[in-house]
>>> print(open('input.cif').read())   # mmCIF, C-alpha atoms and all ligand atoms
data_run
loop_
_atom_site.group_PDB
_atom_site.id
_atom_site.type_symbol
_atom_site.label_atom_id
_atom_site.label_comp_id
_atom_site.auth_asym_id
_atom_site.auth_seq_id
_atom_site.Cartn_x
_atom_site.Cartn_y
_atom_site.Cartn_z
ATOM 1 C CA MET A 239 9.421 3.862 22.210
ATOM 2 C CA ALA A 240 10.669 6.721 24.317
ATOM 3 C CA VAL A 241 13.679 6.195 26.509
ATOM 4 C CA ARG A 242 13.933 9.063 28.963
ATOM 5 C CA ASP A 243 16.910 10.464 30.839
ATOM 6 C CA ILE A 244 17.229 9.416 34.483
ATOM 7 C CA LEU A 245 17.629 12.183 37.026
ATOM 8 C CA MET A 246 20.551 11.760 39.418
ATOM 9 C CA MET A 247 20.505 12.112 43.198
ATOM 10 C CA GLY A 248 20.625 15.798 44.077
ATOM 11 C CA ASN A 249 18.226 16.839 41.341
ATOM 12 C CA PRO A 250 15.517 18.961 43.006
ATOM 13 C CA THR A 251 12.683 16.979 41.381
ATOM 14 C CA LEU A 252 13.814 13.845 43.253
ATOM 15 C CA LYS A 253 13.265 15.698 46.531
ATOM 16 C CA LEU A 254 9.633 16.621 45.911
ATOM 17 C CA THR A 255 6.510 14.935 47.227
ATOM 18 C CA ALA A 256 4.993 13.760 43.957
ATOM 19 C CA ALA A 257 1.414 14.669 43.088
ATOM 20 C CA ALA A 258 -1.407 12.127 43.160
ATOM 21 C CA ILE A 259 -2.695 11.120 39.729
ATOM 22 C CA GLU A 260 -6.346 12.126 39.548
ATOM 23 C CA ASP A 261 -7.357 10.007 36.555
ATOM 24 C CA PRO A 262 -5.335 6.772 36.196
ATOM 25 C CA THR A 263 -7.144 6.042 32.917
ATOM 26 C CA ALA A 264 -5.972 9.251 31.218
ATOM 27 C CA PRO A 265 -3.990 8.495 28.033
ATOM 28 C CA GLU A 266 -1.043 10.566 29.203
ATOM 29 C CA VAL A 267 -0.677 8.330 32.269
ATOM 30 C CA ALA A 268 -0.463 5.213 30.060
ATOM 31 C CA GLU A 269 2.051 7.043 27.876
ATOM 32 C CA LEU A 270 4.134 7.948 30.906
ATOM 33 C CA ALA A 271 4.051 4.309 32.094
ATOM 34 C CA ARG A 272 5.194 3.175 28.634
ATOM 35 C CA ASP A 273 8.082 5.615 28.668
ATOM 36 C CA MET A 274 9.098 4.346 32.107
ATOM 37 C CA GLN A 275 8.945 0.745 30.857
ATOM 38 C CA ASP A 276 11.013 1.619 27.772
ATOM 39 C CA THR A 277 13.552 3.394 29.959
ATOM 40 C CA LEU A 278 13.805 0.403 32.327
ATOM 41 C CA VAL A 279 14.365 -1.998 29.436
ATOM 42 C CA ASP A 280 17.004 0.287 27.949
ATOM 43 C CA ILE A 281 18.921 0.681 31.214
ATOM 44 C CA LYS A 282 18.282 -2.931 32.332
ATOM 45 C CA GLY A 283 16.732 -1.808 35.606
ATOM 46 C CA THR A 284 14.151 -3.481 37.816
ATOM 47 C CA GLY A 285 11.961 -0.628 38.975
ATOM 48 C CA ILE A 286 11.455 3.054 38.332
ATOM 49 C CA ALA A 287 9.329 5.861 39.739
ATOM 50 C CA ALA A 288 8.058 8.745 37.613
ATOM 51 C CA PRO A 289 10.103 11.406 39.463
ATOM 52 C CA GLN A 290 13.249 9.615 38.245
ATOM 53 C CA ILE A 291 12.411 10.727 34.704
ATOM 54 C CA GLY A 292 11.488 14.195 35.873
ATOM 55 C CA VAL A 293 7.715 13.738 36.260
ATOM 56 C CA SER A 294 6.609 14.459 39.817
ATOM 57 C CA GLN A 295 3.583 12.145 39.826
ATOM 58 C CA ARG A 296 2.770 9.047 41.853
ATOM 59 C CA LEU A 297 3.471 6.307 39.319
ATOM 60 C CA VAL A 298 5.731 3.245 39.689
ATOM 61 C CA VAL A 299 6.673 0.596 37.099
ATOM 62 C CA TYR A 300 8.703 -2.542 37.815
ATOM 63 C CA HIS A 301 9.484 -6.103 36.787
ATOM 64 C CA MET A 302 12.006 -8.832 37.459
ATOM 65 C CA PRO A 303 12.637 -10.969 34.378
ATOM 66 C CA ALA A 304 14.127 -14.455 34.748
ATOM 67 C CA GLU A 305 17.270 -13.536 32.785
ATOM 68 C CA ARG A 306 18.135 -10.880 35.361
ATOM 69 C CA ILE A 307 18.188 -13.332 38.249
ATOM 70 C CA PRO A 308 21.666 -14.797 38.748
ATOM 71 C CA ALA A 309 22.159 -18.499 39.344
ATOM 72 C CA GLY A 310 21.736 -19.327 42.997
ATOM 73 C CA ALA A 311 19.860 -16.149 43.899
ATOM 74 C CA GLN A 312 16.763 -16.559 46.006
ATOM 75 C CA GLN A 313 14.587 -14.332 43.876
ATOM 76 C CA THR A 314 11.383 -14.936 42.011
ATOM 77 C CA THR A 315 10.408 -13.315 38.743
ATOM 78 C CA LEU A 316 7.969 -10.423 38.878
ATOM 79 C CA PRO A 317 5.737 -9.550 35.907
ATOM 80 C CA TRP A 318 5.528 -6.028 34.515
ATOM 81 C CA THR A 319 3.477 -4.082 37.023
ATOM 82 C CA VAL A 320 2.231 -0.497 36.893
ATOM 83 C CA MET A 321 1.078 1.084 40.150
ATOM 84 C CA VAL A 322 -0.777 4.383 40.217
ATOM 85 C CA ASN A 323 -0.938 6.184 43.583
ATOM 86 C CA PRO A 324 0.531 3.266 45.580
ATOM 87 C CA VAL A 325 0.169 3.297 49.373
ATOM 88 C CA ILE A 326 2.235 0.977 51.568
ATOM 89 C CA GLU A 327 1.157 -0.469 54.884
ATOM 90 C CA PRO A 328 3.975 -2.370 56.662
ATOM 91 C CA LEU A 329 2.928 -5.701 58.196
ATOM 92 C CA GLY A 330 4.611 -6.725 61.430
ATOM 93 C CA ASP A 331 7.845 -5.497 62.954
ATOM 94 C CA ASP A 332 10.274 -7.577 60.894
ATOM 95 C CA VAL A 333 12.838 -5.158 59.456
ATOM 96 C CA ARG A 334 15.786 -6.473 57.451
ATOM 97 C CA LEU A 335 18.887 -4.934 55.917
ATOM 98 C CA ILE A 336 18.753 -5.277 52.130
ATOM 99 C CA TRP A 337 21.453 -4.335 49.614
ATOM 100 C CA GLU A 338 19.985 -1.929 47.080
ATOM 101 C CA ARG A 339 21.015 -0.075 44.007
ATOM 102 C CA CYS A 340 19.310 2.923 42.434
ATOM 103 C CA LEU A 341 19.243 4.160 38.863
ATOM 104 C CA SER A 342 19.609 7.677 40.287
ATOM 105 C CA VAL A 343 22.699 6.687 42.331
ATOM 106 C CA PRO A 344 24.728 4.742 39.754
ATOM 107 C CA GLY A 345 27.751 2.686 40.703
ATOM 108 C CA LEU A 346 26.869 2.351 44.378
ATOM 109 C CA TYR A 347 25.339 -0.275 46.628
ATOM 110 C CA GLY A 348 23.824 0.488 49.993
ATOM 111 C CA ARG A 349 22.354 -1.649 52.741
ATOM 112 C CA VAL A 350 18.970 -0.309 53.739
ATOM 113 C CA PRO A 351 16.597 -1.323 56.547
ATOM 114 C CA ARG A 352 13.254 -2.338 55.037
ATOM 115 C CA HIS A 353 10.053 -3.910 56.290
ATOM 116 C CA ASN A 354 10.034 -7.565 55.307
ATOM 117 C CA ARG A 355 6.298 -7.763 54.703
ATOM 118 C CA LEU A 356 3.775 -5.219 53.552
ATOM 119 C CA ARG A 357 0.418 -4.612 51.972
ATOM 120 C CA ILE A 358 0.250 -2.213 49.048
ATOM 121 C CA ARG A 359 -2.844 -0.567 47.629
ATOM 122 C CA PHE A 360 -2.784 1.077 44.210
ATOM 123 C CA GLN A 361 -4.810 1.788 41.105
ATOM 124 C CA THR A 362 -4.252 0.159 37.743
ATOM 125 C CA LEU A 363 -4.195 2.026 34.432
ATOM 126 C CA ALA A 364 -7.798 0.804 34.049
ATOM 127 C CA GLY A 365 -8.707 2.726 37.190
ATOM 128 C CA VAL A 366 -9.267 -0.401 39.284
ATOM 129 C CA THR A 367 -8.102 -0.353 42.906
ATOM 130 C CA GLU A 368 -6.032 -3.410 43.783
ATOM 131 C CA GLU A 369 -4.296 -4.665 46.876
ATOM 132 C CA ARG A 370 -1.295 -6.997 47.095
ATOM 133 C CA LEU A 371 0.865 -8.556 49.741
ATOM 134 C CA ALA A 372 4.627 -8.574 49.222
ATOM 135 C CA GLY A 373 7.601 -9.924 51.141
ATOM 136 C CA GLY A 374 11.379 -10.129 50.891
ATOM 137 C CA TYR A 375 13.085 -8.255 48.084
ATOM 138 C CA HIS A 376 9.730 -7.531 46.423
ATOM 139 C CA ALA A 377 8.673 -5.631 49.565
ATOM 140 C CA SER A 378 12.019 -3.800 49.606
ATOM 141 C CA LEU A 379 11.677 -2.856 45.951
ATOM 142 C CA LEU A 380 8.218 -1.426 46.585
ATOM 143 C CA GLN A 381 9.472 0.599 49.562
ATOM 144 C CA HIS A 382 12.385 1.874 47.459
ATOM 145 C CA GLU A 383 10.133 2.961 44.573
ATOM 146 C CA CYS A 384 7.438 4.486 46.781
ATOM 147 C CA ASP A 385 10.157 6.401 48.643
ATOM 148 C CA HIS A 386 10.936 8.144 45.340
ATOM 149 C CA LEU A 387 7.354 9.472 45.393
ATOM 150 C CA ASP A 388 8.030 11.135 48.743
ATOM 151 C CA GLY A 389 11.416 12.657 47.952
ATOM 152 C CA PHE A 390 13.628 9.915 49.402
ATOM 153 C CA VAL A 391 16.558 8.162 47.767
ATOM 154 C CA TYR A 392 17.840 5.076 49.577
ATOM 155 C CA PRO A 393 20.963 6.618 51.205
ATOM 156 C CA MET A 394 18.534 8.819 53.186
ATOM 157 C CA ARG A 395 17.099 5.619 54.703
ATOM 158 C CA MET A 396 20.433 4.045 55.624
ATOM 159 C CA THR A 397 21.388 3.639 59.265
ATOM 160 C CA ASP A 398 25.069 2.778 58.628
ATOM 161 C CA LEU A 399 26.789 4.739 55.864
ATOM 162 C CA GLY A 400 29.689 2.321 56.217
ATOM 163 C CA ASP A 401 27.462 0.091 54.079
ATOM 164 C CA LEU A 402 27.456 2.574 51.188
ATOM 165 C CA VAL A 403 29.986 1.137 48.753
ATOM 166 C CA PHE A 404 31.104 1.358 45.142
ATOM 167 C CA ALA A 405 30.244 -1.714 43.095
ATOM 168 C CA SER A 406 33.708 -1.487 41.544
ATOM 169 C CA GLU A 407 35.269 -2.153 44.950
ATOM 170 C CA LEU A 408 33.284 -5.346 45.384
ATOM 171 C CA GLY A 409 34.804 -7.172 42.422
ATOM 172 C CA VAL A 410 32.641 -8.835 39.820
ATOM 173 C CA GLU A 411 28.918 -8.644 40.309
ATOM 174 C CA GLY A 412 28.545 -12.394 40.429
ATOM 175 C CA LEU A 413 30.691 -12.459 43.526
ATOM 176 C CA PHE A 414 28.532 -9.804 45.100
ATOM 177 C CA TYR A 415 25.419 -11.843 44.480
ATOM 178 C CA ARG A 416 26.786 -14.604 46.675
ATOM 179 C CA TYR A 417 26.227 -12.549 49.760
ATOM 180 C CA SER A 418 23.460 -10.393 48.384
ATOM 181 C CA PRO A 419 20.994 -12.945 47.073
ATOM 182 C CA GLU A 420 18.115 -10.472 46.993
ATOM 183 C CA GLU A 421 18.812 -7.278 45.171
ATOM 184 C CA PHE A 422 17.383 -5.008 42.565
ATOM 185 C CA ASP A 423 18.203 -1.822 40.738
ATOM 186 C CA GLY A 424 15.474 0.744 41.126
HETATM 187 ZN ZN ZN B 1 15.816 4.299 43.051
#
>>> encode(input="input.cif", output="structure tokens", more="lines below")
Ligand code: ZN
Amino acid sequence: MAVRDILMMGNPTLKLTAAAIEDPTAPEVAELARDMQDTLVDIKGTGIAAPQIGVSQRLVVYHMPAERIPAGAQQTTLPWTVMVNPVIEPLGDDVRLIWERCLSVPGLYGRVPRHNRLRIRFQTLAGVTEERLAGGYHASLLQHECDHLDGFVYPMRMTDLGDLVFASELGVEGLFYRYSPEEFDG
């Protein structure tokens, strides 16, 4: 188990365009994915991109366990998923404002415009190319994580910085969930 430090917004590595991974089956890629998973479990996050632990490579790891979904939230569980070299293709023109958090921007929530539906193509750690459709918060999470691979943190995507707020000003988190039924921490 290797829990890694998370880089904070402003760190130069978070601003880079991450490099494509040439061999998804290389042992060091699996090791990196394991470290990212360990780090997510430790910090109780939903998703993480390799640049957030200081590795400028195109690798994303995420999950949404049942115990993280508050009562009444309209979210489904997501199994542990590792995506090597993911590429997003938005589907349709439906863009929604989604409240997001980021491990690299702790303590804050921001409302970010995101495509509601998308197709994502990626490679697995076995080197197999896969394609999935995603909608709702799952689509937002994928856009958030893939943005990290291109040097974006979510405030850079916001259209109204009046919606950038400290969690502490919103009262208890459970209250927040009532009007933010689809959220994640990536
Ligand atoms: Zn993030």
>>> closest_residue(input="input.cif", among="A:Pro393, A:Pro351, A:Asn323, A:Leu316", to="Ala372 in chain A", atoms="all atoms listed in the file")
A:Leu316
>>> residues_around(input="input.cif", residues="Leu297 in chain A", least_positions_apart="5", cutoff="9 Å", atoms="only C-alpha atoms", output="VMD selection string")
chain A and resid 256 258 to 259 267 270 to 271 286 to 289 320 to 324 384 387
>>> resolve_selection(input="input.cif", expression="the PyMOL selection byres (((not hetatm)) within 12 of (chain B and resi 1))", output="PyMOL selection string")
chain A and resi 244-247+252+278+283-291+298-300+338-344+346-348+378-395+422-424
>>> atom_distance(input="input.cif", atom1="CA of Gly373 in chain A", atom2="CA of Pro317 in chain A")
15.4 Å
>>> atom_distance(input="input.cif", atom1="CA of Asp273 in chain A", atom2="CA of Phe360 in chain A")
19.5 Å
>>> closest_residue(input="input.cif", among="A:Gly374, A:Thr251, A:Glu407, A:Val350", to="Gln313 in chain A", atoms="all atoms listed in the file")
A:Gly374
>>> resolve_selection(input="input.cif", expression="the PyMOL selection byres (((chain A and resi 334) around 6) and not hetatm)", output="MDAnalysis selection string")
chainID A and resid 333 335 351:352
>>> closest_residue(input="input.cif", among="A:Thr255, A:Arg306, A:Val241, A:Thr362", to="Asp280 in chain A", atoms="all atoms listed in the file")
A:Val241
>>> closest_residue(input="input.cif", among="A:Pro303, A:Gly310, A:Gly365, A:Gly345", to="Leu402 in chain A", atoms="all atoms listed in the file")
A:Gly345
>>> atom_distance(input="input.cif", atom1="CA of Arg355 in chain A", atom2="CA of Glu369 in chain A")
13.5 Å
>>> closest_residue(input="input.cif", among="A:Ser406, A:Thr319, A:Thr314, A:Gln295", to="Leu363 in chain A", atoms="all atoms listed in the file")
A:Thr319
>>> closest_residue(input="input.cif", among="A:Trp318, A:Asp332, A:Phe404, A:Met302", to="His376 in chain A", atoms="only C-alpha atoms")
A:Met302
>>> axis_aligned_box(input="input.cif", around="range 270-288 of chain A", padding_each_side="4 Å", output="JSON")
{"center_x": 11.5, "center_y": 2.6, "center_z": 33.8, "size_x": 22.9, "size_y": 20.2, "size_z": 20.0}
